[in-house]
file run-v3.cif (mmCIF, C-alpha atoms and all ligand atoms)
data_query
#
loop_
_atom_site.label_atom_id
_atom_site.label_comp_id
_atom_site.auth_asym_id
_atom_site.auth_seq_id
_atom_site.Cartn_x
_atom_site.Cartn_y
_atom_site.Cartn_z
CA MET A 26 -4.09 2.86 -43.47
CA THR A 27 -0.95 4.97 -43.44
CA PHE A 28 2.23 4.02 -45.24
CA ALA A 29 4.13 4.00 -41.93
CA ALA A 30 1.63 1.54 -40.44
CA ARG A 31 2.04 -0.80 -43.41
CA MET A 32 5.83 -0.63 -43.15
CA THR A 33 5.71 -1.55 -39.46
CA MET A 34 3.56 -4.51 -40.36
CA PHE A 35 5.97 -5.80 -43.03
CA GLN A 36 8.97 -5.32 -40.74
CA GLN A 37 7.28 -7.43 -38.10
CA GLU A 38 6.59 -10.24 -40.53
CA ALA A 39 10.26 -10.40 -41.50
CA SER A 40 11.23 -12.28 -38.33
CA PRO A 41 14.25 -14.63 -38.66
CA MET A 42 13.45 -18.06 -40.06
CA PRO A 43 14.17 -21.01 -37.75
CA ASP A 44 17.31 -22.86 -38.77
CA ASP A 45 15.75 -26.08 -39.96
CA THR A 46 18.89 -27.49 -41.52
CA ARG A 47 20.31 -28.47 -38.12
CA GLU A 48 20.20 -32.09 -37.01
CA THR A 49 17.46 -33.15 -34.63
CA ALA A 50 18.68 -33.71 -31.07
CA VAL A 51 15.40 -34.82 -29.48
CA SER A 52 12.40 -36.07 -31.42
CA LEU A 53 9.05 -36.54 -29.67
CA SER A 54 6.21 -38.21 -31.51
CA GLY A 55 2.86 -38.46 -29.73
CA ILE A 56 4.53 -38.53 -26.30
CA GLY A 57 1.82 -38.41 -23.61
CA LYS A 58 1.49 -39.20 -19.93
CA THR A 59 -1.37 -39.96 -17.61
CA PHE A 60 -1.19 -40.64 -13.87
CA GLY A 61 -4.36 -42.62 -13.11
CA ASP A 62 -7.18 -40.24 -14.04
CA THR A 63 -4.89 -37.20 -14.42
CA THR A 64 -3.61 -36.35 -17.88
CA ALA A 65 -0.30 -34.66 -17.08
CA LEU A 66 0.67 -34.42 -20.75
CA GLU A 67 -1.45 -34.56 -23.90
CA PRO A 68 0.42 -36.25 -26.79
CA VAL A 69 3.29 -34.00 -27.91
CA THR A 70 4.96 -34.12 -31.31
CA LEU A 71 8.03 -31.95 -31.50
CA ASP A 72 11.61 -31.87 -32.81
CA ILE A 73 14.29 -30.04 -30.85
CA LYS A 74 17.38 -29.18 -32.90
CA LYS A 75 21.00 -29.79 -32.04
CA GLY A 76 22.53 -26.79 -30.28
CA GLU A 77 19.14 -25.21 -29.67
CA PHE A 78 18.22 -23.36 -26.46
CA PHE A 79 14.65 -24.60 -26.17
CA SER A 80 12.32 -23.53 -23.35
CA LEU A 81 9.20 -25.14 -21.94
CA LEU A 82 7.14 -22.28 -20.53
CA GLY A 83 3.86 -22.42 -18.68
CA PRO A 84 2.09 -22.00 -15.34
CA SER A 85 2.41 -24.38 -12.40
CA GLY A 86 1.04 -27.87 -13.06
CA CYS A 87 0.98 -27.59 -16.88
CA GLY A 88 3.27 -30.59 -17.40
CA LYS A 89 6.73 -29.05 -17.87
CA THR A 90 8.56 -31.27 -15.38
CA THR A 91 6.69 -34.34 -16.62
CA LEU A 92 7.87 -33.73 -20.20
CA LEU A 93 11.44 -33.07 -19.08
CA ARG A 94 11.50 -36.20 -16.89
CA ILE A 95 10.25 -38.30 -19.82
CA ILE A 96 13.09 -36.98 -22.01
CA GLY A 97 15.60 -37.69 -19.22
CA GLY A 98 14.24 -41.19 -18.61
CA PHE A 99 12.92 -40.57 -15.08
CA GLU A 100 9.32 -41.14 -16.17
CA HIS A 101 7.86 -43.58 -18.70
CA PRO A 102 5.47 -42.06 -21.22
CA THR A 103 2.01 -43.63 -21.53
CA SER A 104 2.14 -43.21 -25.30
CA GLY A 105 4.43 -42.22 -28.14
CA ALA A 106 7.96 -42.53 -29.46
CA LEU A 107 11.07 -40.69 -28.30
CA GLN A 108 14.43 -40.47 -30.04
CA ILE A 109 17.60 -38.82 -28.79
CA GLY A 110 20.41 -38.41 -31.31
CA GLY A 111 18.38 -40.42 -33.84
CA GLN A 112 17.97 -43.49 -31.58
CA SER A 113 14.91 -44.69 -29.75
CA VAL A 114 15.38 -44.42 -25.99
CA ILE A 115 12.01 -45.72 -24.81
CA GLY A 116 12.66 -48.14 -21.94
CA ARG A 117 16.26 -46.98 -21.54
CA PRO A 118 17.25 -45.76 -18.05
CA PRO A 119 18.61 -42.20 -17.55
CA PHE A 120 22.25 -43.26 -17.43
CA GLU A 121 21.99 -44.85 -20.88
CA ARG A 122 20.86 -41.59 -22.46
CA ARG A 123 23.04 -38.71 -23.65
CA THR A 124 21.08 -36.42 -21.33
CA ASN A 125 21.72 -34.94 -17.91
CA MET A 126 19.21 -33.24 -15.72
CA VAL A 127 19.42 -30.35 -13.28
CA PHE A 128 16.43 -30.98 -11.03
CA GLN A 129 13.78 -28.46 -10.01
CA HIS A 130 14.72 -28.83 -6.36
CA GLY A 131 18.54 -29.06 -6.77
CA ALA A 132 19.35 -32.47 -5.31
CA LEU A 133 22.94 -32.07 -4.09
CA PHE A 134 24.35 -34.43 -1.46
CA PRO A 135 24.78 -32.30 1.67
CA HIS A 136 27.33 -34.62 3.33
CA LEU A 137 29.73 -34.55 0.35
CA THR A 138 32.05 -31.74 -0.74
CA VAL A 139 31.47 -29.77 -3.91
CA ALA A 140 34.09 -31.81 -5.80
CA GLN A 141 32.65 -35.11 -4.51
CA ASN A 142 29.16 -34.03 -5.62
CA ILE A 143 30.40 -33.26 -9.12
CA ALA A 144 32.47 -36.45 -9.31
CA PHE A 145 29.61 -38.70 -8.20
CA GLY A 146 28.30 -39.67 -11.65
CA LEU A 147 31.79 -40.30 -13.03
CA GLU A 148 32.64 -42.53 -10.07
CA MET A 149 29.48 -44.56 -10.67
CA LYS A 150 30.74 -45.12 -14.22
CA LYS A 151 34.14 -46.25 -12.83
CA THR A 152 35.99 -43.43 -14.58
CA PRO A 153 39.78 -43.40 -13.81
CA ARG A 154 40.74 -41.13 -10.91
CA ASP A 155 42.99 -38.78 -12.96
CA VAL A 156 40.22 -38.26 -15.54
CA ILE A 157 37.75 -37.50 -12.74
CA THR A 158 40.09 -34.91 -11.20
CA ARG A 159 40.61 -33.20 -14.56
CA LYS A 160 36.90 -33.20 -15.48
CA VAL A 161 35.79 -31.92 -12.08
CA GLY A 162 38.33 -29.09 -12.40
CA GLU A 163 37.02 -28.22 -15.88
CA ALA A 164 33.39 -28.31 -14.74
CA LEU A 165 34.18 -26.01 -11.79
CA GLU A 166 35.93 -23.62 -14.17
CA LEU A 167 32.91 -23.61 -16.50
CA VAL A 168 30.68 -22.41 -13.67
CA ARG A 169 33.44 -20.12 -12.37
CA LEU A 170 33.80 -21.76 -8.96
CA GLN A 171 37.29 -23.22 -9.37
CA ASP A 172 38.30 -22.55 -5.73
CA PHE A 173 35.21 -24.14 -4.19
CA GLY A 174 36.00 -27.86 -4.64
CA ASP A 175 36.63 -28.55 -0.93
CA ARG A 176 33.63 -26.65 0.42
CA LYS A 177 30.64 -28.40 1.93
CA ILE A 178 27.28 -27.79 0.25
CA ASP A 179 25.87 -25.95 3.31
CA GLN A 180 28.74 -23.44 3.02
CA LEU A 181 27.41 -22.22 -0.35
CA SER A 182 24.92 -19.52 -1.29
CA GLY A 183 21.78 -20.39 -3.27
CA GLY A 184 23.29 -19.21 -6.54
CA GLN A 185 26.52 -21.14 -5.94
CA ARG A 186 24.50 -24.30 -5.26
CA GLN A 187 22.67 -23.89 -8.55
CA ARG A 188 25.98 -23.53 -10.35
CA ILE A 189 27.30 -26.69 -8.68
CA ALA A 190 24.14 -28.53 -9.72
CA MET A 191 24.89 -27.41 -13.30
CA ALA A 192 28.56 -28.43 -13.01
CA ARG A 193 27.42 -31.86 -11.82
CA ALA A 194 25.32 -32.27 -14.96
CA LEU A 195 27.92 -30.76 -17.31
CA VAL A 196 30.74 -33.00 -16.11
CA ASN A 197 29.14 -35.92 -17.97
CA ASP A 198 29.38 -34.07 -21.33
CA PRO A 199 25.66 -34.46 -22.06
CA GLU A 200 24.46 -33.88 -25.60
CA VAL A 201 21.24 -32.61 -24.12
CA LEU A 202 21.13 -30.69 -20.85
CA LEU A 203 17.73 -30.74 -19.13
CA LEU A 204 17.25 -27.79 -16.78
CA ASP A 205 14.13 -27.79 -14.59
CA GLU A 206 13.61 -24.23 -13.29
CA PRO A 207 17.26 -24.01 -12.24
CA LEU A 208 16.90 -20.33 -11.34
CA GLY A 209 13.48 -20.63 -9.69
CA ALA A 210 14.62 -20.14 -6.10
CA LEU A 211 16.92 -17.18 -6.68
CA ASP A 212 16.26 -13.51 -6.01
CA LEU A 213 15.84 -11.25 -9.03
CA ARG A 214 19.38 -9.86 -9.15
CA LEU A 215 21.00 -13.28 -8.86
CA ARG A 216 18.53 -14.67 -11.34
CA LEU A 217 19.55 -12.12 -13.97
CA GLN A 218 23.22 -12.82 -13.29
CA MET A 219 22.64 -16.58 -13.63
CA GLN A 220 20.72 -16.03 -16.88
CA ASP A 221 23.88 -14.43 -18.28
CA GLU A 222 25.95 -17.37 -16.99
CA LEU A 223 23.61 -19.86 -18.62
CA ARG A 224 23.72 -18.05 -21.95
CA ARG A 225 27.53 -18.05 -21.76
CA LEU A 226 27.61 -21.77 -20.88
CA HIS A 227 25.31 -22.58 -23.78
CA LYS A 228 27.60 -20.70 -26.17
CA GLU A 229 30.76 -22.28 -24.77
CA ILE A 230 29.48 -25.85 -24.71
CA GLY A 231 27.41 -25.69 -27.89
CA GLY A 232 25.06 -28.47 -26.69
CA THR A 233 21.28 -28.65 -26.70
CA PHE A 234 19.61 -27.05 -23.68
CA ILE A 235 16.00 -27.79 -22.74
CA PHE A 236 15.07 -25.25 -20.12
CA VAL A 237 11.93 -25.20 -17.99
CA THR A 238 10.62 -21.94 -16.62
CA HIS A 239 7.34 -20.28 -15.69
CA ASP A 240 8.87 -16.83 -16.24
CA GLN A 241 7.92 -15.32 -19.62
CA GLY A 242 10.69 -12.71 -19.62
CA GLU A 243 13.29 -15.34 -18.85
CA ALA A 244 12.07 -17.60 -21.68
CA ILE A 245 11.99 -14.69 -24.14
CA SER A 246 15.47 -13.45 -23.33
CA MET A 247 17.18 -16.87 -23.23
CA SER A 248 15.60 -19.04 -25.91
CA ASP A 249 15.93 -19.83 -29.59
CA ARG A 250 12.43 -21.32 -29.42
CA ILE A 251 9.74 -21.58 -26.77
CA ALA A 252 6.94 -24.12 -26.29
CA VAL A 253 4.13 -22.42 -24.38
CA MET A 254 2.21 -25.01 -22.34
CA SER A 255 -1.09 -25.00 -20.52
CA ARG A 256 -3.02 -27.86 -18.90
CA GLY A 257 -0.80 -30.59 -20.29
CA ARG A 258 -0.95 -29.27 -23.83
CA ILE A 259 1.56 -27.40 -25.96
CA GLN A 260 -0.32 -24.32 -27.10
CA GLN A 261 2.30 -22.83 -29.41
CA VAL A 262 5.91 -23.42 -30.44
CA GLY A 263 7.93 -20.62 -31.95
CA SER A 264 10.70 -18.08 -31.63
CA PRO A 265 10.30 -15.61 -28.75
CA ARG A 266 9.22 -13.01 -31.31
CA GLU A 267 6.60 -15.33 -32.84
CA VAL A 268 4.95 -16.32 -29.58
CA TYR A 269 4.99 -12.75 -28.30
CA GLU A 270 3.94 -10.95 -31.49
CA ARG A 271 1.68 -13.62 -32.99
CA PRO A 272 0.04 -15.62 -30.20
CA VAL A 273 -2.21 -18.33 -31.67
CA ASN A 274 -4.84 -18.24 -28.95
CA ARG A 275 -6.11 -16.33 -25.99
CA PHE A 276 -4.10 -18.33 -23.46
CA VAL A 277 -0.77 -17.50 -25.15
CA ALA A 278 -1.77 -13.86 -25.65
CA GLU A 279 -2.66 -13.56 -21.95
CA PHE A 280 0.31 -15.49 -20.64
CA MET A 281 2.93 -13.63 -22.68
CA GLY A 282 2.80 -10.06 -21.40
CA HIS A 283 -0.30 -7.95 -20.76
CA SER A 284 -3.10 -7.33 -23.23
CA ASN A 285 -6.46 -5.64 -23.45
CA PHE A 286 -9.13 -8.06 -24.75
CA TYR A 287 -12.31 -7.25 -26.64
CA GLU A 288 -14.97 -9.45 -28.19
CA GLY A 289 -16.38 -8.48 -31.58
CA THR A 290 -17.32 -9.42 -35.13
CA VAL A 291 -15.34 -9.02 -38.34
CA GLU A 292 -17.09 -6.21 -40.23
CA THR A 293 -14.90 -5.74 -43.32
CA LYS A 294 -11.99 -7.62 -44.85
CA ALA A 295 -10.02 -6.55 -47.92
CA ALA A 296 -8.02 -8.83 -50.22
CA ASP A 297 -4.79 -7.90 -48.40
CA GLY A 298 -6.26 -9.07 -45.07
CA LEU A 299 -6.76 -5.60 -43.62
CA GLY A 300 -10.16 -4.85 -42.26
CA ASP A 301 -12.27 -3.77 -39.32
CA VAL A 302 -13.62 -5.55 -36.30
CA ASN A 303 -16.88 -4.18 -34.97
CA LEU A 304 -16.64 -3.79 -31.19
CA HIS A 305 -19.92 -2.52 -29.77
CA GLY A 306 -20.46 -0.35 -32.82
CA ARG A 307 -16.93 1.08 -32.88
CA MET A 308 -14.68 0.04 -35.77
CA PHE A 309 -11.29 -1.35 -34.76
CA PRO A 310 -8.86 -1.48 -37.74
CA CYS A 311 -7.02 -4.82 -37.65
CA ARG A 312 -5.15 -7.32 -39.75
CA ILE A 313 -7.63 -10.18 -40.14
CA PRO A 314 -5.99 -13.65 -40.30
CA PRO A 315 -7.02 -15.97 -43.19
CA ALA A 316 -9.08 -18.15 -40.82
CA PHE A 317 -11.69 -15.37 -40.33
CA ASP A 318 -14.23 -13.85 -42.71
CA VAL A 319 -16.80 -11.10 -42.47
CA GLY A 320 -19.22 -12.13 -39.72
CA SER A 321 -16.70 -14.24 -37.73
CA LYS A 322 -16.85 -13.79 -33.98
CA VAL A 323 -13.37 -12.90 -32.70
CA PHE A 324 -11.28 -11.77 -29.74
CA VAL A 325 -9.04 -8.81 -30.31
CA ALA A 326 -5.93 -8.63 -28.11
CA LEU A 327 -4.03 -5.37 -27.86
CA ARG A 328 -0.87 -5.17 -25.77
CA TYR A 329 -0.64 -2.43 -23.17
CA GLU A 330 2.64 -1.16 -24.62
CA ARG A 331 1.12 -0.77 -28.10
CA VAL A 332 -1.48 1.73 -26.94
CA GLU A 333 -0.64 5.42 -27.02
CA VAL A 334 -2.49 8.00 -24.92
CA GLN A 335 -2.28 11.72 -25.67
CA PRO A 336 -4.17 14.79 -24.48
CA LEU A 337 -7.16 15.29 -26.74
CA GLY A 338 -6.34 17.93 -29.36
CA ASP A 339 -8.33 19.16 -32.32
CA LEU A 340 -7.78 15.99 -34.28
CA CYS A 341 -7.88 12.47 -32.81
CA ALA A 342 -6.97 9.74 -35.32
CA GLY A 343 -8.05 7.11 -32.82
CA LEU A 344 -10.65 6.75 -30.09
CA GLU A 345 -11.62 9.45 -27.63
CA GLY A 346 -11.89 8.59 -23.97
CA THR A 347 -11.54 9.76 -20.38
CA LEU A 348 -8.51 9.04 -18.22
CA ILE A 349 -9.63 7.16 -15.10
CA ASP A 350 -6.30 6.03 -13.67
CA GLU A 351 -2.66 6.96 -13.96
CA ALA A 352 -0.16 4.71 -12.19
CA TYR A 353 3.56 5.24 -11.68
CA LEU A 354 5.32 1.83 -12.00
CA GLY A 355 8.96 2.96 -12.09
CA PRO A 356 10.18 2.12 -15.60
CA THR A 357 6.66 2.44 -17.03
CA LEU A 358 3.65 4.69 -16.67
CA GLN A 359 0.32 2.90 -16.82
CA ARG A 360 -2.83 4.72 -17.86
CA THR A 361 -6.38 3.42 -17.84
CA VAL A 362 -8.87 5.07 -20.16
CA ASP A 363 -12.64 4.70 -20.22
CA LEU A 364 -13.78 4.30 -23.84
CA GLY A 365 -17.51 4.35 -23.12
CA PRO A 366 -19.45 1.33 -24.46
CA LEU A 367 -16.19 -0.38 -25.48
CA GLY A 368 -15.06 -0.54 -21.86
CA LYS A 369 -11.60 0.25 -20.55
CA ILE A 370 -8.23 0.21 -22.23
CA ILE A 371 -4.86 0.10 -20.48
CA ALA A 372 -1.76 1.72 -21.97
CA ASP A 373 1.85 1.34 -20.83
CA SER A 374 4.48 3.82 -21.87
CA ALA A 375 8.18 3.99 -21.06
CA ASN A 376 8.89 6.44 -18.27
CA ASN A 377 11.20 8.87 -20.07
CA GLY A 378 11.15 11.32 -17.17
CA ARG A 379 9.66 14.09 -19.31
CA GLU A 380 5.96 13.23 -19.32
CA ALA A 381 3.84 15.21 -16.90
CA PRO A 382 0.75 13.45 -15.48
CA LEU A 383 -2.30 14.01 -17.70
CA GLY A 384 -4.59 14.15 -14.67
CA ILE A 385 -7.55 11.91 -13.84
CA GLY A 386 -10.66 13.02 -15.71
CA ALA A 387 -8.68 14.44 -18.67
CA ARG A 388 -10.15 13.88 -22.13
CA VAL A 389 -7.62 11.87 -24.14
CA CYS A 390 -6.98 10.41 -27.58
CA VAL A 391 -6.09 6.70 -27.64
CA ARG A 392 -4.20 5.34 -30.66
CA TRP A 393 -2.30 2.32 -31.96
CA THR A 394 -0.94 1.22 -35.32
CA VAL A 395 -3.17 -1.03 -37.40
CA ASP A 396 -0.80 -4.01 -37.09
CA SER A 397 -0.82 -3.91 -33.27
CA PRO A 398 -4.03 -5.79 -32.48
CA THR A 399 -4.02 -9.59 -32.71
CA VAL A 400 -7.27 -11.16 -33.90
CA LEU A 401 -7.97 -14.54 -32.30
CA SER A 402 -10.71 -17.13 -32.36
CA ALA A 403 -13.50 -16.29 -29.90
CA ILE A 404 -13.98 -19.98 -29.05
N1 LIG A 501 3.73 -38.73 -9.83
C1 LIG A 501 2.59 -38.11 -10.08
N2 LIG A 501 1.40 -38.66 -9.76
C2 LIG A 501 0.22 -38.07 -10.03
N3 LIG A 501 0.12 -36.86 -10.64
C3 LIG A 501 1.25 -36.25 -10.98
C4 LIG A 501 2.55 -36.82 -10.71
N4 LIG A 501 3.49 -35.98 -11.19
C5 LIG A 501 2.83 -34.93 -11.71
N5 LIG A 501 1.50 -35.08 -11.59
C6 LIG A 501 0.46 -34.14 -12.04
O1 LIG A 501 0.71 -33.86 -13.42
C7 LIG A 501 0.49 -32.49 -13.69
C8 LIG A 501 1.75 -31.88 -14.27
O2 LIG A 501 2.76 -31.83 -13.28
P1 LIG A 501 4.22 -31.25 -13.54
O3 LIG A 501 5.05 -31.51 -12.35
O4 LIG A 501 4.72 -31.79 -14.84
O5 LIG A 501 3.91 -29.69 -13.69
P2 LIG A 501 4.90 -28.46 -13.84
O6 LIG A 501 4.48 -27.75 -15.07
O7 LIG A 501 6.31 -28.90 -13.76
O8 LIG A 501 4.52 -27.55 -12.58
P3 LIG A 501 5.47 -26.62 -11.62
O9 LIG A 501 5.69 -25.34 -12.38
O10 LIG A 501 4.61 -26.41 -10.42
O11 LIG A 501 6.73 -27.36 -11.33
C9 LIG A 501 0.03 -31.86 -12.39
O12 LIG A 501 -1.38 -31.81 -12.41
C10 LIG A 501 0.53 -32.82 -11.34
O13 LIG A 501 -0.28 -32.79 -10.20
MG MG A 502 7.84 -28.54 -12.42
#

call {"tool": "encode", "arguments": {"input": "run-v3.cif", "output": "structure tokens"}}
result
Amino acid sequence: MTFAARMTMFQQEASPMPDDTRETAVSLSGIGKTFGDTTALEPVTLDIKKGEFFSLLGPSGCGKTTLLRIIGGFEHPTSGALQIGGQSVIGRPPFERRTNMVFQHGALFPHLTVAQNIAFGLEMKKTPRDVITRKVGEALELVRLQDFGDRKIDQLSGGQRQRIAMARALVNDPEVLLLDEPLGALDLRLRLQMQDELRRLHKEIGGTFIFVTHDQGEAISMSDRIAVMSRGRIQQVGSPREVYERPVNRFVAEFMGHSNFYEGTVETKAADGLGDVNLHGRMFPCRIPPAFDVGSKVFVALRYERVEVQPLGDLCAGLEGTLIDEAYLGPTLQRTVDLGPLGKIIADSANNGREAPLGIGARVCVRWTVDSPTVLSAI
């Protein structure tokens, strides 16, 4: 293994440590939920820190909304304990919790004005009129819609409605803001703009945000930590870098980005964890996690963007193959190479505007650094 490859590996391990000294905002202990025969949520044990931007990420039906609704008090868990700000809230209704929720399908009152929508919760709590006026003004300023108080909801664009839904939650000064896919219905450009707005709001308010999304890129760019969920179960919790670089299982590896997958057996393993995985007779240099020994059956995941494809020269310090597809995807170029008995491998490279097509049928050299593959349990 080259010195450069080792250095890359050490740099990747030096990811920032989570700030564990912060107080816990939301503490879940064995929180689960079944609806009749359906298990919507397997028991979850998890602490979310004060001031954290925490995302629940997973495909449709994996239990994200169910978990958020349990935290907000809109759903009773079938099992477990739940504390918010150090106090048990099991059995407490939503309005007795220091949480506010922005719902997946933004439930604004269409017959009320923007200001009346935002004021609704405060009026329910019999807040004095002058305080309501001031707070509604502040909330509108936070979402940068200060001149929209008198508009009707149907006179707003989709993005403006989402911002009003956020203002309506923020006006109650929640310690924990629960956001259920608040950007789900927006087009890409507006979505990116609203992501910036949300990041700014989080900084300005300094509260705890629990954010639901099924968009990996969104979760990665917004969050301090992400819980990746599938089929009612949290598969992995970690910083965006941890879940992307070190997925703990095949689901997370597949869900976060795009990877090539191969099945093989650990052939060698040195004391420092470096070794080879035997894939159909070809040796794949990898970092072998402590859980695996020589003879272990494993999956090897290799991200598209970690694979380099070059025209085959005199020396190929990798695997030789034949280019079978070359796709132009705008910002990236995607190449598919046939590696013989090993199957295909896909490589993405940034489109720098200087690379000429290699041409289908070209003989190529396929390479990656030894720390790039992730070795996962085959079961
Ligand atoms: N009230 C309910 N009664 C019965 N089953 C339910 C109920 N609410 C949710 N479920 C089921 O629980 C599972 C999790 O649903 P949930 O709404 O939490 O998923 P989700 O991750 O938010 O999905 P989406 O991304 O589509 O919003 C699903 O299988 C769903 O059908
Ligand atoms: Mg949902």

call {"tool": "closest_atom_pairs", "arguments": {"input": "run-v3.cif", "of": "chain A", "to": "ligand MG 502 (chain A)", "cutoff": "8 Å", "atoms": "all atoms listed in the file", "output": "tab-separated table"}}
result
residue	atom	partner	partner_atom	distance
A:Ser85	CA	A:MG502	MG	6.8
A:Gly86	CA	A:MG502	MG	6.9
A:Gly88	CA	A:MG502	MG	7.1
A:Lys89	CA	A:MG502	MG	5.6
A:Thr90	CA	A:MG502	MG	4.1
A:Thr91	CA	A:MG502	MG	7.3
A:Gln129	CA	A:MG502	MG	6.4
A:Asp205	CA	A:MG502	MG	6.7
A:Glu206	CA	A:MG502	MG	7.3
A:Val237	CA	A:MG502	MG	7.7

call {"tool": "closest_residue", "arguments": {"input": "run-v3.cif", "among": "A:Ile385, A:Val334, A:Gln261, A:Leu81", "to": "Thr238 (chain A)", "atoms": "all atoms listed in the file"}}
result
A:Leu81

call {"tool": "closest_atom_pairs", "arguments": {"input": "run-v3.cif", "of": "chain A", "to": "ligand LIG 501 (chain A)", "cutoff": "12 Å", "atoms": "only C-alpha atoms and all ligand atoms", "output": "tab-separated table"}}
result
residue	atom	partner	partner_atom	distance
A:Gly57	CA	A:LIG501	O1	11.2
A:Lys58	CA	A:LIG501	O1	8.5
A:Thr59	CA	A:LIG501	O1	7.7
A:Phe60	CA	A:LIG501	C2	4.8
A:Gly61	CA	A:LIG501	C2	7.2
A:Asp62	CA	A:LIG501	C2	8.7
A:Thr63	CA	A:LIG501	N3	6.3
A:Thr64	CA	A:LIG501	O1	6.7
A:Ala65	CA	A:LIG501	O1	3.9
A:Leu66	CA	A:LIG501	C8	7.0
A:Glu67	CA	A:LIG501	C8	10.5
A:Leu81	CA	A:LIG501	O6	8.7
A:Leu82	CA	A:LIG501	O6	8.2
A:Gly83	CA	A:LIG501	O6	6.5
A:Pro84	CA	A:LIG501	O9	5.7
A:Ser85	CA	A:LIG501	O9	3.4
A:Gly86	CA	A:LIG501	O5	3.5
A:Cys87	CA	A:LIG501	O6	3.9
A:Gly88	CA	A:LIG501	O4	3.2
A:Lys89	CA	A:LIG501	O6	3.8
A:Thr90	CA	A:LIG501	O7	3.6
A:Thr91	CA	A:LIG501	O4	3.7
A:Leu92	CA	A:LIG501	O4	6.5
A:Leu93	CA	A:LIG501	O4	8.0
A:Arg94	CA	A:LIG501	O4	8.3
A:Ile95	CA	A:LIG501	O4	9.9
A:Phe99	CA	A:LIG501	N1	10.7
A:Glu100	CA	A:LIG501	N1	8.8
A:His101	CA	A:LIG501	N1	10.9
A:Pro102	CA	A:LIG501	N4	11.9
A:Phe128	CA	A:LIG501	O11	10.4
A:Gln129	CA	A:LIG501	O11	7.3
A:His130	CA	A:LIG501	O11	9.5
A:Leu204	CA	A:LIG501	O7	11.4
A:Asp205	CA	A:LIG501	O7	7.9
A:Glu206	CA	A:LIG501	O11	7.8
A:Pro207	CA	A:LIG501	O11	11.1
A:Gly209	CA	A:LIG501	O9	9.5
A:Ala210	CA	A:LIG501	O11	11.9
A:Phe236	CA	A:LIG501	O7	11.4
A:Val237	CA	A:LIG501	O7	7.9
A:Thr238	CA	A:LIG501	O9	7.3
A:His239	CA	A:LIG501	O9	6.3
A:Asp240	CA	A:LIG501	O9	9.9
A:Val253	CA	A:LIG501	O6	10.7
A:Met254	CA	A:LIG501	O6	8.1
A:Ser255	CA	A:LIG501	O6	8.3
A:Arg256	CA	A:LIG501	C8	7.8
A:Gly257	CA	A:LIG501	C8	6.7
A:Arg258	CA	A:LIG501	C8	10.3
A:Ile259	CA	A:LIG501	O6	11.3

call {"tool": "atom_distance", "arguments": {"input": "run-v3.cif", "atom1": "CA of Val69 (chain A)", "atom2": "CA of Ile251 (chain A)"}}
result
14.0 Å

call {"tool": "closest_residue", "arguments": {"input": "run-v3.cif", "among": "A:Glu229, A:Ala381, A:Gly242, A:Val400", "to": "Leu213 (chain A)", "atoms": "only C-alpha atoms"}}
result
A:Gly242

call {"tool": "closest_residue", "arguments": {"input": "run-v3.cif", "among": "A:Gly282, A:Gly289, A:Gly146, A:Gly183", "to": "Pro119 (chain A)", "atoms": "only C-alpha atoms"}}
result
A:Gly146

call {"tool": "atom_distance", "arguments": {"input": "run-v3.cif", "atom1": "CA of Thr158 (chain A)", "atom2": "CA of Ala190 (chain A)"}}
result
17.2 Å

call {"tool": "residues_around", "arguments": {"input": "run-v3.cif", "residues": "Arg388 (chain A)", "least_positions_apart": "4", "cutoff": "8 Å", "atoms": "all atoms listed in the file", "output": "ChimeraX atom specification"}}
result
/A:336-337,345-348

call {"tool": "write_last_selection", "arguments": {"input": "run-v3.cif", "atoms": "C-alpha atoms", "output": "compact mmCIF listing (two decimals), in the coordinates of the input"}}
result
# COMPACT_ATOMS: atom_id res chain seq x y z
CA PRO A 336 -4.17 14.79 -24.48
CA LEU A 337 -7.16 15.29 -26.74
CA GLU A 345 -11.62 9.45 -27.63
CA GLY A 346 -11.89 8.59 -23.97
CA THR A 347 -11.54 9.76 -20.38
CA LEU A 348 -8.51 9.04 -18.22

call {"tool": "atom_distance", "arguments": {"input": "run-v3.cif", "atom1": "CA of Lys150 (chain A)", "atom2": "CA of Leu137 (chain A)"}}
result
18.0 Å

call {"tool": "closest_residue", "arguments": {"input": "run-v3.cif", "among": "A:Val114, A:Ala144, A:Val201, A:Val389", "to": "Cys341 (chain A)", "atoms": "all atoms listed in the file"}}
result
A:Val389

call {"tool": "residues_around", "arguments": {"input": "run-v3.cif", "residues": "Pro310 (chain A)", "least_positions_apart": "2", "cutoff": "7 Å", "atoms": "all atoms listed in the file", "output": "PDB file with C-alpha atoms, keeping the file's coordinate frame"}}
result
ATOM      1  CA  GLY A 300     -10.160  -4.850 -42.260  1.00  0.00           C
ATOM      2  CA  ASP A 301     -12.270  -3.770 -39.320  1.00  0.00           C
ATOM      3  CA  VAL A 302     -13.620  -5.550 -36.300  1.00  0.00           C
ATOM      4  CA  MET A 308     -14.680   0.040 -35.770  1.00  0.00           C
ATOM      5  CA  VAL A 395      -3.170  -1.030 -37.400  1.00  0.00           C
TER       6      VAL A 395
END

call {"tool": "closest_residue", "arguments": {"input": "run-v3.cif", "among": "A:Ala316, A:Arg275, A:Thr233, A:Ser321", "to": "Val291 (chain A)", "atoms": "all atoms listed in the file"}}
result
A:Ser321

call {"tool": "residues_around", "arguments": {"input": "run-v3.cif", "residues": "Asp297 (chain A)", "least_positions_apart": "2", "cutoff": "12 Å", "atoms": "all atoms listed in the file", "output": "list in words"}}
result
Met26, Arg31, Thr293, Lys294, Ala295, Leu299, Gly300, Cys311, Arg312, Ile313, Pro314 and Pro315 of chain A
